[in-house]
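Heads up, the thing below is written out as structure tokens.
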Amino acid sequence: MNAARVLEVYNRLLDCYGEPGWWPARSTYEVMVGAVLTQNCAWSNVVKAIDNIGGRLSPGFILDADSAELIAMIRPAGFFNQKAGYLKAVTRWYQRYGFDAEAVRREPLSKLRGELLGAKGVGRETADAILLYAFGLPSFVVDAYTVRLLERLNMDAGKGYEEIKRSFELNLALTDHNNVGVYNRYHALIVVHGKERCHKKPACAGCPIADMCGYKADENIGA
């Protein structure tokens with residue numbers, strides 16, 4: 001990838017969609033819960049599951065909750081049997097640090113990421129989302145929208161999650177934009193763009209990066 005091009009895409013998306021204001025949550029722990037529940041699930045259903053837990057949402061409640069009770073509450077998020085276990089696993093990880101976000105932030109990023117990846121049900125995207133959005137640590141998040149965007153823009157970021165993540169981080173560093181705020185907004189803007197325009201069958205009309213795109217935009221105007 002070209003660093004200037006990476007930054008150009010970011011700036012155009014930001015100009016088009018504005019500040020995305022992610023992650024919508026009332027606490028660090030709620031972000032962690034949301035990151036687990038949103039696996040293979042629409043955000044609207046995650047909100048329903050979190051609302052079912054309501055004011056009880058806390059590490060202590062999740063750890064002490066009867067599995068059947070927890071499953072019933074998070075049912076709207078799908079894969080509820082597995083996710084109930086995943087929530088307990090990621091909460092036990094947080095327990096190592098006394099449920100203290102500042103204690104987490106004092107640890108090396110690579111150590112934290114390795115620990116999270118060792119927790120049941122936490123893959124790379126979920127781990128990076130927790131690190132970035134819950135704890136404000138500079139760990140770029142890659143998802144399906146990111147991969148699709150790179151393919152359509154003919155931007156070679158390597159193959160696989162880790163190479164793409166590293167490519168974004170290295171190129172943003174070259175432009176002096178390797179910070180938490182940019183990582184946060186960039187990933188959020190890619191998701192917004194993917195939902196608004198860059199679908200599997202894209203709606204190219206008004207796309208802020210259409211002139212940079214290798215997709216046959218003319219065939220999809222107004223799609």
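Labels used: A, B, ... for chains in the order of the structure tokens, numbers from 1 for residues in each chain, and numbers from 1 for ligands as shown.
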### Task
Identify all residues of region 1-220 of chain A in alpha helix (DSSP H) (DSSP on the backbone) and supply them as number ranges by chain.
A: 3-17, 28-37, 43-53, 59-64, 67-74, 80-95, 101-105, 109-117, 124-129, 144-152, 160-174, 180-196
Near-region 56-71 of chain A list (9 Å; only C-alpha atoms; drop same-chain fewer than 5 positions) as a PDB file with N, CA and C atoms, in the first residue's frame:
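Result file follows (part.pdb):
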```
ATOM      1  N   TYR A  29     -16.304  -1.793  30.175  1.00  0.00           N
ATOM      2  CA  TYR A  29     -16.759  -3.179  30.176  1.00  0.00           C
ATOM      3  C   TYR A  29     -17.884  -3.395  29.168  1.00  0.00           C
ATOM      4  N   GLU A  30     -18.746  -2.416  29.001  1.00  0.00           N
ATOM      5  CA  GLU A  30     -19.819  -2.565  28.017  1.00  0.00           C
ATOM      6  C   GLU A  30     -19.256  -2.698  26.603  1.00  0.00           C
ATOM      7  N   ILE A  50     -27.894  -6.290  25.177  1.00  0.00           N
ATOM      8  CA  ILE A  50     -27.368  -5.470  26.268  1.00  0.00           C
ATOM      9  C   ILE A  50     -28.508  -4.840  27.057  1.00  0.00           C
ATOM     10  N   PHE A  80     -25.977 -17.788  21.127  1.00  0.00           N
ATOM     11  CA  PHE A  80     -26.039 -17.412  22.532  1.00  0.00           C
ATOM     12  C   PHE A  80     -25.392 -18.418  23.473  1.00  0.00           C
ATOM     13  N   ASN A  81     -25.447 -19.707  23.135  1.00  0.00           N
ATOM     14  CA  ASN A  81     -24.805 -20.705  23.991  1.00  0.00           C
ATOM     15  C   ASN A  81     -23.295 -20.483  24.046  1.00  0.00           C
ATOM     16  N   GLN A  82     -22.714 -20.283  22.858  1.00  0.00           N
ATOM     17  CA  GLN A  82     -21.271 -20.053  22.800  1.00  0.00           C
ATOM     18  C   GLN A  82     -20.896 -18.702  23.403  1.00  0.00           C
ATOM     19  N   LYS A  83     -21.662 -17.684  23.066  1.00  0.00           N
ATOM     20  CA  LYS A  83     -21.299 -16.334  23.500  1.00  0.00           C
ATOM     21  C   LYS A  83     -21.408 -16.157  25.011  1.00  0.00           C
ATOM     22  N   ALA A  84     -22.290 -16.890  25.646  1.00  0.00           N
ATOM     23  CA  ALA A  84     -22.357 -16.833  27.108  1.00  0.00           C
ATOM     24  C   ALA A  84     -21.019 -17.280  27.707  1.00  0.00           C
ATOM     25  N   GLY A  85     -20.459 -18.340  27.149  1.00  0.00           N
ATOM     26  CA  GLY A  85     -19.148 -18.801  27.603  1.00  0.00           C
ATOM     27  C   GLY A  85     -18.040 -17.824  27.259  1.00  0.00           C
ATOM     28  N   LEU A  87     -18.324 -14.589  26.978  1.00  0.00           N
ATOM     29  CA  LEU A  87     -18.407 -13.431  27.876  1.00  0.00           C
ATOM     30  C   LEU A  87     -17.745 -13.741  29.220  1.00  0.00           C
ATOM     31  N   LYS A  88     -17.975 -14.916  29.715  1.00  0.00           N
ATOM     32  CA  LYS A  88     -17.350 -15.289  30.980  1.00  0.00           C
ATOM     33  C   LYS A  88     -15.835 -15.378  30.830  1.00  0.00           C
ATOM     34  N   ALA A  89     -15.378 -15.875  29.695  1.00  0.00           N
ATOM     35  CA  ALA A  89     -13.935 -16.011  29.473  1.00  0.00           C
ATOM     36  C   ALA A  89     -13.238 -14.655  29.401  1.00  0.00           C
ATOM     37  N   THR A  91     -14.309 -11.909  30.596  1.00  0.00           N
ATOM     38  CA  THR A  91     -14.444 -11.259  31.905  1.00  0.00           C
ATOM     39  C   THR A  91     -13.412 -11.803  32.886  1.00  0.00           C
ATOM     40  N   ARG A  92     -13.147 -13.092  32.813  1.00  0.00           N
ATOM     41  CA  ARG A  92     -12.092 -13.657  33.667  1.00  0.00           C
ATOM     42  C   ARG A  92     -10.740 -13.072  33.299  1.00  0.00           C
ATOM     43  N   TYR A  94     -10.279  -9.995  32.216  1.00  0.00           N
ATOM     44  CA  TYR A  94     -10.309  -8.652  32.801  1.00  0.00           C
ATOM     45  C   TYR A  94     -10.111  -8.721  34.319  1.00  0.00           C
ATOM     46  N   GLN A  95     -10.570  -9.798  34.915  1.00  0.00           N
ATOM     47  CA  GLN A  95     -10.438  -9.991  36.362  1.00  0.00           C
ATOM     48  C   GLN A  95      -8.973 -10.052  36.786  1.00  0.00           C
ATOM     49  N   PHE A  99     -10.339  -5.682  37.242  1.00  0.00           N
ATOM     50  CA  PHE A  99     -11.348  -4.904  36.521  1.00  0.00           C
ATOM     51  C   PHE A  99     -10.973  -3.419  36.488  1.00  0.00           C
TER      52      PHE A  99
END
```
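If only C-alpha atoms are the atoms counted, then among A:Lys111, A:His193, A:Arg124, A:Lys159 the closest residue to Tyr145 (chain A) is A:His193.
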### Task
Pick out the residues sitting within 6 Å of Val46 (chain A), and hand them over as a ChimeraX atom specification; count only C-alpha atoms, and ignore anything fewer than 5 positions along from it in its own chain.
/A:37-38,77
Produce a file of the selected residues containing N, CA and C atoms, as a compact mmCIF listing (two decimals), in the first residue's frame.
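So the final result, stored in part_37.txt, reads:
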```
# COMPACT_ATOMS: atom_id res chain seq x y z
N LEU A 37 -20.43 -9.83 21.65
CA LEU A 37 -21.78 -10.10 21.16
C LEU A 37 -21.95 -9.78 19.68
N THR A 38 -21.17 -8.84 19.15
CA THR A 38 -21.34 -8.43 17.76
C THR A 38 -20.74 -9.41 16.75
N ALA A 77 -28.60 -11.76 20.28
CA ALA A 77 -27.32 -11.63 19.60
C ALA A 77 -26.91 -12.89 18.84
```
### Task
List the neighbours of Pro20 (chain A) out to 7 Å using only C-alpha atoms; skip same-chain residues closer than 2 positions along the sequence, and give me the result as number ranges by chain.
A: 18, 22, 185, 188-189
### Message
I'd like the neighbourhood of region 100-108 of chain A as a ChimeraX atom specification, where a residue qualifies if any of its atoms comes within 12 Å (using only C-alpha atoms), though same-chain residues fewer than 5 positions away should be ignored.
### Response
/A:27-29,31-32,59,91,93-95,113-116,130-139
Which neighbours of region 73-76 of chain A fall inside 7 Å, counting only C-alpha atoms, when residues of the same chain fewer than 6 positions from it are skipped, and could you give them as a PDB file with C-alpha atoms, in the first residue's frame?
```pdb
ATOM      1  CA  ASN A  45     -29.443  -7.150  17.991  1.00  0.00           C
ATOM      2  CA  VAL A  46     -26.433  -6.527  20.219  1.00  0.00           C
ATOM      3  CA  LYS A  48     -31.290  -5.682  22.378  1.00  0.00           C
ATOM      4  CA  ALA A  49     -29.115  -8.175  24.244  1.00  0.00           C
ATOM      5  CA  ASN A  52     -31.937  -7.220  28.351  1.00  0.00           C
ATOM      6  CA  ILE A  53     -29.100  -7.196  30.869  1.00  0.00           C
TER       7      ILE A  53
END
```
### Message
What does the structure give for the distance between CA of Glu8 (chain A) and CA of Leu150 (chain A), in Å to one decimal?
### Response
13.2 Å
### Message
Excluding Val191 (chain A) and its own-chain neighbours fewer than 2 positions away, which residues fall within 12 Å of it when counting only C-alpha atoms? Please give them as a ChimeraX atom specification.
### Response
/A:13,17,20,22,43,141-149,184-189,193-199
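Checking A:Met155, A:Met212, A:Val192, A:Ala205 one by one against Ala3 (chain A), counting only C-alpha atoms, you find the shortest gap at A:Met155.
The closest residue to Arg26 (chain A), picked from A:Ala72, A:Val180, A:Cys41, A:Gly55 and counting only C-alpha atoms, is A:Gly55.
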